[in-house]
$ cat target37.pdb   # PDB, C-alpha atoms
ATOM      1  CA  MET A  30      -5.668 -41.892  -8.372
ATOM      2  CA  THR A  31      -4.463 -38.311  -7.767
ATOM      3  CA  GLN A  32      -5.561 -35.927 -10.513
ATOM      4  CA  ASP A  33      -2.809 -34.047 -12.341
ATOM      5  CA  ARG A  34      -2.463 -30.418 -11.237
ATOM      6  CA  PRO A  35       0.619 -29.231 -13.174
ATOM      7  CA  LEU A  36       0.792 -25.737 -11.655
ATOM      8  CA  LEU A  37       0.782 -27.128  -8.107
ATOM      9  CA  GLY A  38       3.407 -29.707  -9.093
ATOM     10  CA  ILE A  39       5.626 -26.987 -10.565
ATOM     11  CA  LEU A  40       5.272 -24.819  -7.446
ATOM     12  CA  LEU A  41       6.201 -27.779  -5.231
ATOM     13  CA  MET A  42       9.257 -28.512  -7.389
ATOM     14  CA  LEU A  43      10.230 -24.846  -7.188
ATOM     15  CA  GLY A  44      10.032 -25.209  -3.420
ATOM     16  CA  PHE A  45      12.392 -28.175  -3.635
ATOM     17  CA  CYS A  46      14.854 -26.154  -5.751
ATOM     18  CA  VAL A  47      14.941 -23.479  -3.037
ATOM     19  CA  VAL A  48      14.948 -25.741   0.037
ATOM     20  CA  ALA A  49      17.598 -28.246  -1.149
ATOM     21  CA  PRO A  50      20.362 -25.629  -1.685
ATOM     22  CA  MET A  51      19.396 -24.030   1.626
ATOM     23  CA  GLY A  52      20.116 -27.360   3.311
ATOM     24  CA  ASP A  53      23.448 -27.554   1.492
ATOM     25  CA  ALA A  54      24.282 -24.012   2.612
ATOM     26  CA  VAL A  55      23.590 -24.930   6.253
ATOM     27  CA  ALA A  56      25.787 -28.025   5.844
ATOM     28  CA  LYS A  57      28.583 -25.817   4.478
ATOM     29  CA  ILE A  58      28.349 -23.558   7.549
ATOM     30  CA  LEU A  59      28.352 -26.529   9.937
ATOM     31  CA  GLY A  60      31.194 -28.306   8.135
ATOM     32  CA  GLU A  61      33.799 -26.157   9.854
ATOM     33  CA  ARG A  62      32.325 -26.613  13.329
ATOM     34  CA  VAL A  63      30.714 -30.046  13.696
ATOM     35  CA  PRO A  64      32.234 -33.418  12.647
ATOM     36  CA  LEU A  65      30.794 -34.915   9.474
ATOM     37  CA  GLY A  66      29.505 -38.122  11.070
ATOM     38  CA  GLN A  67      27.603 -36.209  13.715
ATOM     39  CA  ILE A  68      25.950 -33.974  11.091
ATOM     40  CA  VAL A  69      24.843 -36.995   9.034
ATOM     41  CA  LEU A  70      23.551 -38.888  12.090
ATOM     42  CA  ILE A  71      21.466 -35.957  13.336
ATOM     43  CA  ARG A  72      20.169 -35.223   9.824
ATOM     44  CA  PHE A  73      18.737 -38.770   9.528
ATOM     45  CA  ALA A  74      17.551 -38.849  13.144
ATOM     46  CA  ILE A  75      15.437 -35.744  12.547
ATOM     47  CA  GLN A  76      14.106 -37.305   9.339
ATOM     48  CA  ALA A  77      12.942 -40.339  11.332
ATOM     49  CA  VAL A  78      11.460 -38.217  14.140
ATOM     50  CA  LEU A  79       9.500 -36.095  11.662
ATOM     51  CA  LEU A  80       8.223 -38.871   9.406
ATOM     52  CA  ILE A  81       7.436 -41.782  11.735
ATOM     53  CA  PRO A  82       4.471 -39.959  13.359
ATOM     54  CA  LEU A  83       3.277 -38.965   9.870
ATOM     55  CA  VAL A  84       3.407 -42.592   8.743
ATOM     56  CA  TYR A  85       1.313 -43.759  11.710
ATOM     57  CA  ALA A  86      -1.101 -40.826  11.539
ATOM     58  CA  THR A  87      -1.838 -41.460   7.852
ATOM     59  CA  LYS A  88      -1.655 -45.279   8.143
ATOM     60  CA  ARG A  89       0.888 -45.516   5.349
ATOM     61  CA  MET A  90       2.615 -48.722   4.322
ATOM     62  CA  TRP A  91       6.038 -49.087   5.938
ATOM     63  CA  ARG A  92       6.652 -52.814   6.478
ATOM     64  CA  MET A  93       9.156 -54.364   4.070
ATOM     65  CA  ARG A  94      10.557 -57.830   3.696
ATOM     66  CA  GLY A  95      12.681 -60.018   1.443
ATOM     67  CA  ARG A  96      14.246 -58.411  -1.618
ATOM     68  CA  VAL A  97      12.580 -55.036  -1.007
ATOM     69  CA  LEU A  98      14.008 -54.883   2.530
ATOM     70  CA  ARG A  99      17.510 -55.739   1.317
ATOM     71  CA  LEU A 100      17.348 -53.120  -1.421
ATOM     72  CA  MET A 101      16.053 -50.557   1.071
ATOM     73  CA  VAL A 102      19.048 -51.157   3.355
ATOM     74  CA  LEU A 103      21.444 -50.842   0.392
ATOM     75  CA  ARG A 104      19.622 -47.673  -0.689
ATOM     76  CA  THR A 105      20.039 -46.234   2.817
ATOM     77  CA  VAL A 106      23.770 -46.990   2.831
ATOM     78  CA  LEU A 107      24.109 -45.213  -0.523
ATOM     79  CA  HIS A 108      22.082 -42.289   0.835
ATOM     80  CA  ILE A 109      24.430 -41.977   3.823
ATOM     81  CA  LEU A 110      27.510 -42.106   1.583
ATOM     82  CA  GLY A 111      26.058 -39.634  -0.910
ATOM     83  CA  ILE A 112      25.135 -37.066   1.727
ATOM     84  CA  GLY A 113      28.483 -37.589   3.448
ATOM     85  CA  MET A 114      30.388 -36.920   0.208
ATOM     86  CA  MET A 115      28.293 -33.853  -0.610
ATOM     87  CA  PHE A 116      28.716 -32.352   2.850
ATOM     88  CA  SER A 117      32.468 -33.056   2.638
ATOM     89  CA  ALA A 118      32.677 -31.366  -0.771
ATOM     90  CA  LEU A 119      30.945 -28.279   0.599
ATOM     91  CA  ARG A 120      33.801 -27.762   3.041
ATOM     92  CA  TYR A 121      36.125 -27.075   0.104
ATOM     93  CA  LEU A 122      34.015 -25.879  -2.842
ATOM     94  CA  PRO A 123      31.696 -22.949  -3.516
ATOM     95  CA  LEU A 124      28.063 -23.971  -3.150
ATOM     96  CA  ALA A 125      27.201 -23.415  -6.823
ATOM     97  CA  ASP A 126      30.224 -25.401  -8.063
ATOM     98  CA  ALA A 127      29.427 -28.411  -5.859
ATOM     99  CA  VAL A 128      25.768 -28.461  -6.932
ATOM    100  CA  ALA A 129      26.625 -27.983 -10.623
ATOM    101  CA  ILE A 130      29.208 -30.786 -10.643
ATOM    102  CA  ALA A 131      26.709 -33.143  -8.985
ATOM    103  CA  PHE A 132      24.292 -32.405 -11.848
ATOM    104  CA  VAL A 133      26.287 -34.807 -14.011
ATOM    105  CA  MET A 134      23.897 -37.368 -12.442
ATOM    106  CA  PRO A 135      21.183 -37.078 -15.141
ATOM    107  CA  PHE A 136      23.789 -37.927 -17.780
ATOM    108  CA  LEU A 137      24.974 -40.919 -15.768
ATOM    109  CA  MET A 138      21.365 -42.043 -15.288
ATOM    110  CA  LEU A 139      20.864 -41.993 -19.045
ATOM    111  CA  LEU A 140      24.000 -44.083 -19.618
ATOM    112  CA  LEU A 141      23.096 -46.538 -16.857
ATOM    113  CA  GLY A 142      19.615 -46.831 -18.333
ATOM    114  CA  LYS A 143      21.155 -47.756 -21.679
ATOM    115  CA  TYR A 144      23.918 -50.108 -20.577
ATOM    116  CA  VAL A 145      22.453 -51.572 -17.349
ATOM    117  CA  LEU A 146      18.686 -51.576 -17.885
ATOM    118  CA  GLY A 147      18.805 -51.971 -21.678
ATOM    119  CA  GLU A 148      16.747 -48.823 -22.319
ATOM    120  CA  GLU A 149      16.869 -47.339 -25.801
ATOM    121  CA  VAL A 150      18.942 -44.141 -25.944
ATOM    122  CA  GLY A 151      19.443 -42.334 -29.237
ATOM    123  CA  SER A 152      22.684 -40.896 -30.593
ATOM    124  CA  ARG A 153      21.552 -37.300 -29.988
ATOM    125  CA  ARG A 154      21.009 -37.919 -26.298
ATOM    126  CA  LEU A 155      24.347 -39.712 -26.029
ATOM    127  CA  ALA A 156      26.009 -36.716 -27.698
ATOM    128  CA  ALA A 157      24.277 -34.412 -25.212
ATOM    129  CA  CYS A 158      25.653 -36.600 -22.395
ATOM    130  CA  CYS A 159      29.178 -36.041 -23.700
ATOM    131  CA  VAL A 160      28.628 -32.283 -23.984
ATOM    132  CA  GLY A 161      27.124 -32.101 -20.495
ATOM    133  CA  PHE A 162      29.998 -34.075 -19.035
ATOM    134  CA  ALA A 163      32.469 -31.744 -20.770
ATOM    135  CA  GLY A 164      30.644 -28.815 -19.140
ATOM    136  CA  THR A 165      30.979 -30.524 -15.777
ATOM    137  CA  LEU A 166      34.727 -30.940 -16.294
ATOM    138  CA  MET A 167      34.943 -27.206 -16.977
ATOM    139  CA  VAL A 168      33.445 -26.634 -13.517
ATOM    140  CA  VAL A 169      35.742 -29.222 -11.917
ATOM    141  CA  GLN A 170      38.984 -27.948 -13.475
ATOM    142  CA  PRO A 171      39.406 -24.612 -11.629
ATOM    143  CA  SER A 172      38.170 -26.162  -8.374
ATOM    144  CA  PHE A 173      40.612 -29.066  -8.761
ATOM    145  CA  ALA A 174      43.473 -26.658  -9.412
ATOM    146  CA  GLU A 175      42.604 -24.819  -6.205
ATOM    147  CA  VAL A 176      41.644 -27.534  -3.691
ATOM    148  CA  GLY A 177      42.814 -30.810  -5.276
ATOM    149  CA  TRP A 178      40.976 -34.143  -5.003
ATOM    150  CA  PRO A 179      38.007 -32.843  -2.917
ATOM    151  CA  ALA A 180      36.804 -31.181  -6.133
ATOM    152  CA  LEU A 181      36.011 -34.700  -7.386
ATOM    153  CA  LEU A 182      33.680 -35.483  -4.473
ATOM    154  CA  PRO A 183      30.540 -34.155  -6.239
ATOM    155  CA  LEU A 184      31.309 -36.547  -9.111
ATOM    156  CA  GLY A 185      31.279 -39.324  -6.514
ATOM    157  CA  VAL A 186      27.937 -37.961  -5.299
ATOM    158  CA  ALA A 187      26.583 -38.136  -8.865
ATOM    159  CA  VAL A 188      27.721 -41.744  -9.362
ATOM    160  CA  ASN A 189      26.388 -42.704  -5.933
ATOM    161  CA  PHE A 190      22.961 -41.177  -6.450
ATOM    162  CA  SER A 191      22.693 -42.610  -9.955
ATOM    163  CA  VAL A 192      22.863 -46.092  -8.416
ATOM    164  CA  PHE A 193      20.611 -44.849  -5.579
ATOM    165  CA  MET A 194      17.962 -43.821  -8.113
ATOM    166  CA  LEU A 195      18.217 -47.124  -9.970
ATOM    167  CA  ILE A 196      17.535 -48.977  -6.723
ATOM    168  CA  THR A 197      14.680 -46.583  -5.921
ATOM    169  CA  ARG A 198      13.127 -47.418  -9.295
ATOM    170  CA  GLN A 199      13.308 -51.109  -8.418
ATOM    171  CA  ILE A 200      11.348 -50.719  -5.168
ATOM    172  CA  ALA A 201       9.161 -47.667  -5.882
ATOM    173  CA  LYS A 202       6.126 -49.766  -6.850
ATOM    174  CA  HIS A 203       6.340 -51.793  -3.651
ATOM    175  CA  THR A 204       6.752 -48.994  -1.087
ATOM    176  CA  ASP A 205       5.137 -45.746  -0.023
ATOM    177  CA  PRO A 206       7.658 -42.895  -0.464
ATOM    178  CA  VAL A 207       7.014 -41.317   2.945
ATOM    179  CA  GLY A 208       7.094 -44.716   4.661
ATOM    180  CA  LEU A 209      10.290 -45.555   2.791
ATOM    181  CA  GLN A 210      11.983 -42.362   3.997
ATOM    182  CA  ALA A 211      10.798 -42.878   7.573
ATOM    183  CA  VAL A 212      12.181 -46.414   7.726
ATOM    184  CA  SER A 213      15.322 -45.297   5.916
ATOM    185  CA  GLY A 214      15.876 -42.666   8.613
ATOM    186  CA  VAL A 215      15.626 -45.312  11.341
ATOM    187  CA  VAL A 216      18.014 -47.665   9.504
ATOM    188  CA  ALA A 217      20.498 -44.826   8.920
ATOM    189  CA  VAL A 218      20.524 -44.006  12.638
ATOM    190  CA  ALA A 219      21.004 -47.705  13.479
ATOM    191  CA  LEU A 220      24.002 -47.809  11.116
ATOM    192  CA  MET A 221      25.566 -44.475  12.059
ATOM    193  CA  ALA A 222      25.203 -44.583  15.859
ATOM    194  CA  PRO A 223      27.606 -47.542  16.371
ATOM    195  CA  LEU A 224      30.113 -45.916  14.003
ATOM    196  CA  LEU A 225      30.211 -42.796  16.134
ATOM    197  CA  ALA A 226      30.169 -44.782  19.391
ATOM    198  CA  PHE A 227      33.121 -47.047  18.508
ATOM    199  CA  GLY A 228      34.982 -45.050  15.843
ATOM    200  CA  SER A 229      35.186 -41.699  17.581
ATOM    201  CA  GLY A 230      38.956 -41.609  17.106
ATOM    202  CA  LEU A 231      38.675 -41.619  13.318
ATOM    203  CA  PRO A 232      38.585 -38.402  11.279
ATOM    204  CA  GLY A 233      35.033 -37.202  10.773
ATOM    205  CA  LEU A 234      33.618 -39.545  13.411
ATOM    206  CA  GLU A 235      34.516 -37.478  16.442
ATOM    207  CA  VAL A 236      31.708 -36.559  18.811
ATOM    208  CA  ILE A 237      31.475 -33.041  20.233
ATOM    209  CA  THR A 238      28.913 -31.089  22.221
ATOM    210  CA  PRO A 239      27.509 -28.469  19.833
ATOM    211  CA  ASN A 240      26.654 -25.027  21.167
ATOM    212  CA  ALA A 241      23.105 -23.677  21.050
ATOM    213  CA  GLY A 242      23.615 -22.029  17.647
ATOM    214  CA  ASP A 243      25.001 -25.215  16.127
ATOM    215  CA  TRP A 244      22.094 -27.236  17.539
ATOM    216  CA  ALA A 245      19.718 -24.852  15.778
ATOM    217  CA  LEU A 246      21.601 -25.335  12.492
ATOM    218  CA  LEU A 247      21.651 -29.129  12.966
ATOM    219  CA  ALA A 248      17.898 -29.081  13.480
ATOM    220  CA  ALA A 249      17.551 -26.911  10.373
ATOM    221  CA  ILE A 250      19.572 -29.294   8.214
ATOM    222  CA  GLY A 251      17.354 -32.213   9.258
ATOM    223  CA  VAL A 252      14.136 -30.301   8.646
ATOM    224  CA  LEU A 253      15.326 -28.883   5.309
ATOM    225  CA  GLY A 254      16.559 -32.276   4.074
ATOM    226  CA  THR A 255      13.282 -33.969   4.989
ATOM    227  CA  LEU A 256      11.160 -31.139   3.574
ATOM    228  CA  ALA A 257      13.119 -31.143   0.301
ATOM    229  CA  HIS A 258      12.432 -34.832  -0.217
ATOM    230  CA  LEU A 259       8.734 -34.441   0.584
ATOM    231  CA  LEU A 260       8.389 -31.472  -1.792
ATOM    232  CA  MET A 261       9.921 -33.506  -4.608
ATOM    233  CA  THR A 262       7.741 -36.533  -3.799
ATOM    234  CA  TRP A 263       4.565 -34.451  -3.656
ATOM    235  CA  SER A 264       5.437 -32.591  -6.862
ATOM    236  CA  LEU A 265       5.553 -35.912  -8.706
ATOM    237  CA  ARG A 266       2.045 -36.732  -7.434
ATOM    238  CA  TYR A 267       0.585 -33.713  -9.198
ATOM    239  CA  ALA A 268       2.649 -33.350 -12.367
ATOM    240  CA  PRO A 269       4.486 -35.757 -14.717
ATOM    241  CA  GLY A 270       8.234 -36.135 -14.332
ATOM    242  CA  ALA A 271       8.718 -34.801 -17.886
ATOM    243  CA  THR A 272       7.016 -31.546 -16.866
ATOM    244  CA  LEU A 273       9.068 -31.168 -13.692
ATOM    245  CA  ALA A 274      12.515 -32.240 -14.939
ATOM    246  CA  PRO A 275      13.467 -28.848 -16.473
ATOM    247  CA  MET A 276      12.545 -27.161 -13.180
ATOM    248  CA  GLN A 277      15.231 -29.081 -11.303
ATOM    249  CA  TYR A 278      17.958 -27.113 -13.076
ATOM    250  CA  LEU A 279      16.765 -24.010 -11.210
ATOM    251  CA  GLU A 280      18.648 -25.502  -8.255
ATOM    252  CA  ILE A 281      21.951 -24.357  -9.816
ATOM    253  CA  PRO A 282      21.190 -20.611 -10.139
ATOM    254  CA  ILE A 283      19.497 -20.642  -6.721
ATOM    255  CA  ALA A 284      22.630 -22.268  -5.245
ATOM    256  CA  THR A 285      24.691 -19.565  -6.983
ATOM    257  CA  ILE A 286      22.585 -16.805  -5.405
ATOM    258  CA  LEU A 287      22.741 -18.382  -1.941
ATOM    259  CA  GLY A 288      26.487 -18.930  -2.299
ATOM    260  CA  TYR A 289      26.997 -15.275  -3.102
ATOM    261  CA  LEU A 290      24.674 -13.939  -0.389
ATOM    262  CA  ILE A 291      25.967 -16.193   2.400
ATOM    263  CA  PHE A 292      29.593 -16.926   1.487
ATOM    264  CA  SER A 293      30.417 -14.225  -1.114
ATOM    265  CA  ASP A 294      31.301 -17.042  -3.554
ATOM    266  CA  LEU A 295      30.790 -16.848  -7.299
ATOM    267  CA  PRO A 296      31.956 -19.324  -9.984
ATOM    268  CA  ASN A 297      34.882 -18.031 -12.059
ATOM    269  CA  GLY A 298      34.570 -17.537 -15.818
ATOM    270  CA  LEU A 299      35.455 -21.113 -16.835
ATOM    271  CA  ALA A 300      33.237 -22.647 -14.174
ATOM    272  CA  GLY A 301      30.390 -20.289 -15.092
ATOM    273  CA  ALA A 302      30.640 -21.332 -18.750
ATOM    274  CA  GLY A 303      30.698 -24.973 -17.692
ATOM    275  CA  ILE A 304      27.554 -24.488 -15.588
ATOM    276  CA  LEU A 305      25.723 -22.974 -18.572
ATOM    277  CA  ILE A 306      26.823 -25.859 -20.831
ATOM    278  CA  THR A 307      25.753 -28.428 -18.224
ATOM    279  CA  ILE A 308      22.317 -26.814 -17.883
ATOM    280  CA  ALA A 309      21.872 -26.555 -21.674
ATOM    281  CA  ALA A 310      22.843 -30.202 -22.252
ATOM    282  CA  GLY A 311      20.593 -31.376 -19.428
ATOM    283  CA  LEU A 312      17.622 -29.404 -20.741
ATOM    284  CA  TYR A 313      18.233 -30.756 -24.247
ATOM    285  CA  ILE A 314      18.073 -34.323 -22.909
ATOM    286  CA  VAL A 315      14.860 -33.525 -20.992
ATOM    287  CA  PHE A 316      13.122 -32.054 -24.041
ATOM    288  CA  ARG A 317      14.433 -34.832 -26.282
ATOM    289  CA  GLU A 318      12.998 -37.410 -23.866
ATOM    290  CA  ARG A 319       9.635 -35.657 -24.017
ATOM    291  CA  GLN A 320       9.666 -35.575 -27.819
ATOM    292  CA  THR A 321      10.596 -39.276 -27.965
ATOM    293  CA  ALA A 322       7.716 -40.102 -25.607
ATOM    294  CA  ARG A 323       5.277 -38.091 -27.762
ATOM    295  CA  ASP A 324       6.458 -39.833 -30.949
ATOM    296  CA  ALA A 325       6.049 -43.253 -29.326
ATOM    297  CA  ALA A 326       2.535 -42.311 -28.178
ATOM    298  CA  LYS A 327       1.587 -41.189 -31.707
ATOM    299  CA  ILE A 328       2.875 -44.439 -33.230
ATOM    300  CA  ALA A 329       0.943 -46.477 -30.656
ATOM    301  CA  ALA A 330      -2.234 -44.475 -31.352
ATOM    302  CA  GLN A 331      -1.944 -45.080 -35.098
ATOM    303  CA  ARG A 332      -1.733 -48.857 -34.775
ATOM    304  CA  PRO A 333      -4.948 -50.633 -35.693
ATOM    305  CA  ALA A 334      -6.848 -52.180 -32.811
ATOM    306  CA  PRO A 335      -6.615 -56.000 -32.608
ATOM    307  CA  ALA A 336      -9.526 -57.778 -34.230
TER     308      ALA A 336
END

$ encode --input "target37.pdb" --output "structure tokens"
Amino acid sequence: MTQDRPLLGILLMLGFCVVAPMGDAVAKILGERVPLGQIVLIRFAIQAVLLIPLVYATKRMWRMRGRVLRLMVLRTVLHILGIGMMFSALRYLPLADAVAIAFVMPFLMLLLGKYVLGEEVGSRRLAACCVGFAGTLMVVQPSFAEVGWPALLPLGVAVNFSVFMLITRQIAKHTDPVGLQAVSGVVAVALMAPLLAFGSGLPGLEVITPNAGDWALLAAIGVLGTLAHLLMTWSLRYAPGATLAPMQYLEIPIATILGYLIFSDLPNGLAGAGILITIAAGLYIVFRERQTARDAAKIAAQRPAPA
């Protein structure tokens, strides 16, 4: 078993919070120049090319069958849809707004845990969900007034990845995370390639010949996406999820900085207030979860041992 090294885990999660928005920023640049389907296909192809040799070199588990295989395929489809919606949203929205709206996902995960998995969720955490969702709507409102329905795409991303995470929970104990991502990359390419081959007349599925600069950015988006996932996976090996969860909210201010430096975009006053409310509500839920876990551990420790 890997020994906990909280500082290393926190540094790895910090790396994720920097790398993930960088990948989104590259996708925003490419969105005006390369069709969406081609970006998604190349992103997953690079993931497969990078991870398959790693799987074989480290002799990781990658074979799946039965229920786990079916769930993996469904998970891959959701991953394709989620990335596709996020990359589409970035064509219309400032980077920080798109990332902040997608951060409604932790609130949705809490609600799905309560109503789908039957997990116990207290009234305070439910209230924080409502507050966080209200903050998200404050971010959506000015974007919706400006660009219309594409402002809702990050909400679709949040719903999509909430289900994605539920499925990941179901198969996490039966798969190696690196092997899972390698196989997922192969399956995504197998699904996307025929779509581009036979649906090239449909919007977003056109096929073009990128120039040298665009090829470099396409390679970057694949490397950054793969690296972000590995950083998050490795961070969880060295530190508990409860320790790392507050760190994930650093992704929003980092996305804000990148959005300003690269695109000269900043959230307006209402959206900025909504981002702060979303972060505060999310952090409250994280710390409340930690306190609940500590209380449960204390109660369990105080129970007399069975005779």

$ closest_atom_pairs --input "target37.pdb" --of "stretch 108-131 of chain A" --to "stretch 303-318 of chain A" --cutoff "9 Å" --atoms "all atoms listed in the file" --output "tab-separated table"
residue	atom	partner	partner_atom	distance
A:Ala125	CA	A:Ile304	CA	8.8
A:Asp126	CA	A:Ile304	CA	8.0
A:Ala129	CA	A:Ile304	CA	6.1
A:Ile130	CA	A:Ile304	CA	8.2

$ closest_residue --input "target37.pdb" --among "A:Leu103, A:Leu43, A:Val207, A:Met134" --to "A:His258" --atoms "all atoms listed in the file"
A:Val207

$ closest_residue --input "target37.pdb" --among "A:Leu124, A:Leu155, A:Thr255, A:Val212" --to "A:Pro50" --atoms "only C-alpha atoms"
A:Leu124

$ resolve_selection --input "target37.pdb" --expression "the PyMOL selection byres ((chain A and resi 282) around 12)" --output "short mmCIF file (atom, residue, chain, number, x, y, z; two decimals) with C-alpha atoms, in the coordinates of the input"
data_model
loop_
_atom_site.label_atom_id
_atom_site.label_comp_id
_atom_site.auth_asym_id
_atom_site.auth_seq_id
_atom_site.Cartn_x
_atom_site.Cartn_y
_atom_site.Cartn_z
CA CYS A 46 14.85 -26.15 -5.75
CA VAL A 47 14.94 -23.48 -3.04
CA PRO A 50 20.36 -25.63 -1.68
CA LEU A 124 28.06 -23.97 -3.15
CA ALA A 125 27.20 -23.42 -6.82
CA ASP A 126 30.22 -25.40 -8.06
CA VAL A 128 25.77 -28.46 -6.93
CA ALA A 129 26.62 -27.98 -10.62
CA MET A 276 12.54 -27.16 -13.18
CA GLN A 277 15.23 -29.08 -11.30
CA TYR A 278 17.96 -27.11 -13.08
CA LEU A 279 16.76 -24.01 -11.21
CA GLU A 280 18.65 -25.50 -8.26
CA ILE A 281 21.95 -24.36 -9.82
CA ILE A 283 19.50 -20.64 -6.72
CA ALA A 284 22.63 -22.27 -5.24
CA THR A 285 24.69 -19.57 -6.98
CA ILE A 286 22.58 -16.80 -5.40
CA LEU A 287 22.74 -18.38 -1.94
CA GLY A 288 26.49 -18.93 -2.30
CA TYR A 289 27.00 -15.28 -3.10
CA LEU A 295 30.79 -16.85 -7.30
CA PRO A 296 31.96 -19.32 -9.98
CA GLY A 301 30.39 -20.29 -15.09
CA ILE A 304 27.55 -24.49 -15.59
CA LEU A 305 25.72 -22.97 -18.57
CA ILE A 308 22.32 -26.81 -17.88
#

$ residues_around --input "target37.pdb" --residues "stretch 242-252 of chain A" --least-positions-apart "6" --cutoff "10 Å" --atoms "all atoms listed in the file" --output "PyMOL selection string"
chain A and resi 48-49+51-56+58-59+62-63+67-79

$ residues_around --input "target37.pdb" --residues "A:Val168" --least-positions-apart "2" --cutoff "6 Å" --atoms "all atoms listed in the file" --output "compact mmCIF listing (two decimals) with C-alpha atoms, in the coordinates of the input"
# COMPACT_ATOMS: atom_id res chain seq x y z
CA THR A 165 30.98 -30.52 -15.78
CA LEU A 166 34.73 -30.94 -16.29
CA GLN A 170 38.98 -27.95 -13.48
CA ALA A 300 33.24 -22.65 -14.17
CA GLY A 303 30.70 -24.97 -17.69

$ resolve_selection --input "target37.pdb" --expression "the PyMOL selection byres ((chain A and resi 263) around 12)" --output "PyMOL selection string"
chain A and resi 31+33-35+37-45+205-207+256-262+264-270+273

$ atom_distance --input "target37.pdb" --atom1 "atom CA of A:Leu119" --atom2 "atom CA of A:Leu65"
11.1 Å

$ closest_residue --input "target37.pdb" --among "A:Leu107, A:Ala156, A:Val169, A:Leu141" --to "A:Asn297" --atoms "all atoms listed in the file"
A:Val169

$ atom_distance --input "target37.pdb" --atom1 "atom CA of A:Ile200" --atom2 "atom CA of A:Val97"
6.1 Å

$ closest_residue --input "target37.pdb" --among "A:Pro64, A:Lys202, A:Phe116, A:Gly161" --to "A:Leu234" --atoms "only C-alpha atoms"
A:Pro64

$ residues_around --input "target37.pdb" --residues "A:Met194" --least-positions-apart "6" --cutoff "12 Å" --atoms "all atoms listed in the file" --output "PyMOL selection string"
chain A and resi 100-101+103-105+107-108+111+134-135+137-139+141-142+186-188+200-201

$ closest_residue --input "target37.pdb" --among "A:Ile237, A:Leu182, A:Leu36, A:Val176" --to "A:Tyr121" --atoms "only C-alpha atoms"
A:Val176

$ resolve_selection --input "target37.pdb" --expression "the PyMOL selection byres ((chain A and resi 223-226) around 8)" --output "list of chain:residue names"
A:Gly66, A:Gln67, A:Ala219, A:Leu220, A:Met221, A:Ala222, A:Phe227, A:Gly228, A:Ser229, A:Leu234, A:Glu235, A:Val236

$ atom_distance --input "target37.pdb" --atom1 "atom CA of A:Met93" --atom2 "atom CA of A:Leu209"
9.0 Å

$ closest_residue --input "target37.pdb" --among "A:Gly177, A:Gly254, A:Pro232, A:Gly185" --to "A:Gln210" --atoms "only C-alpha atoms"
A:Gly254
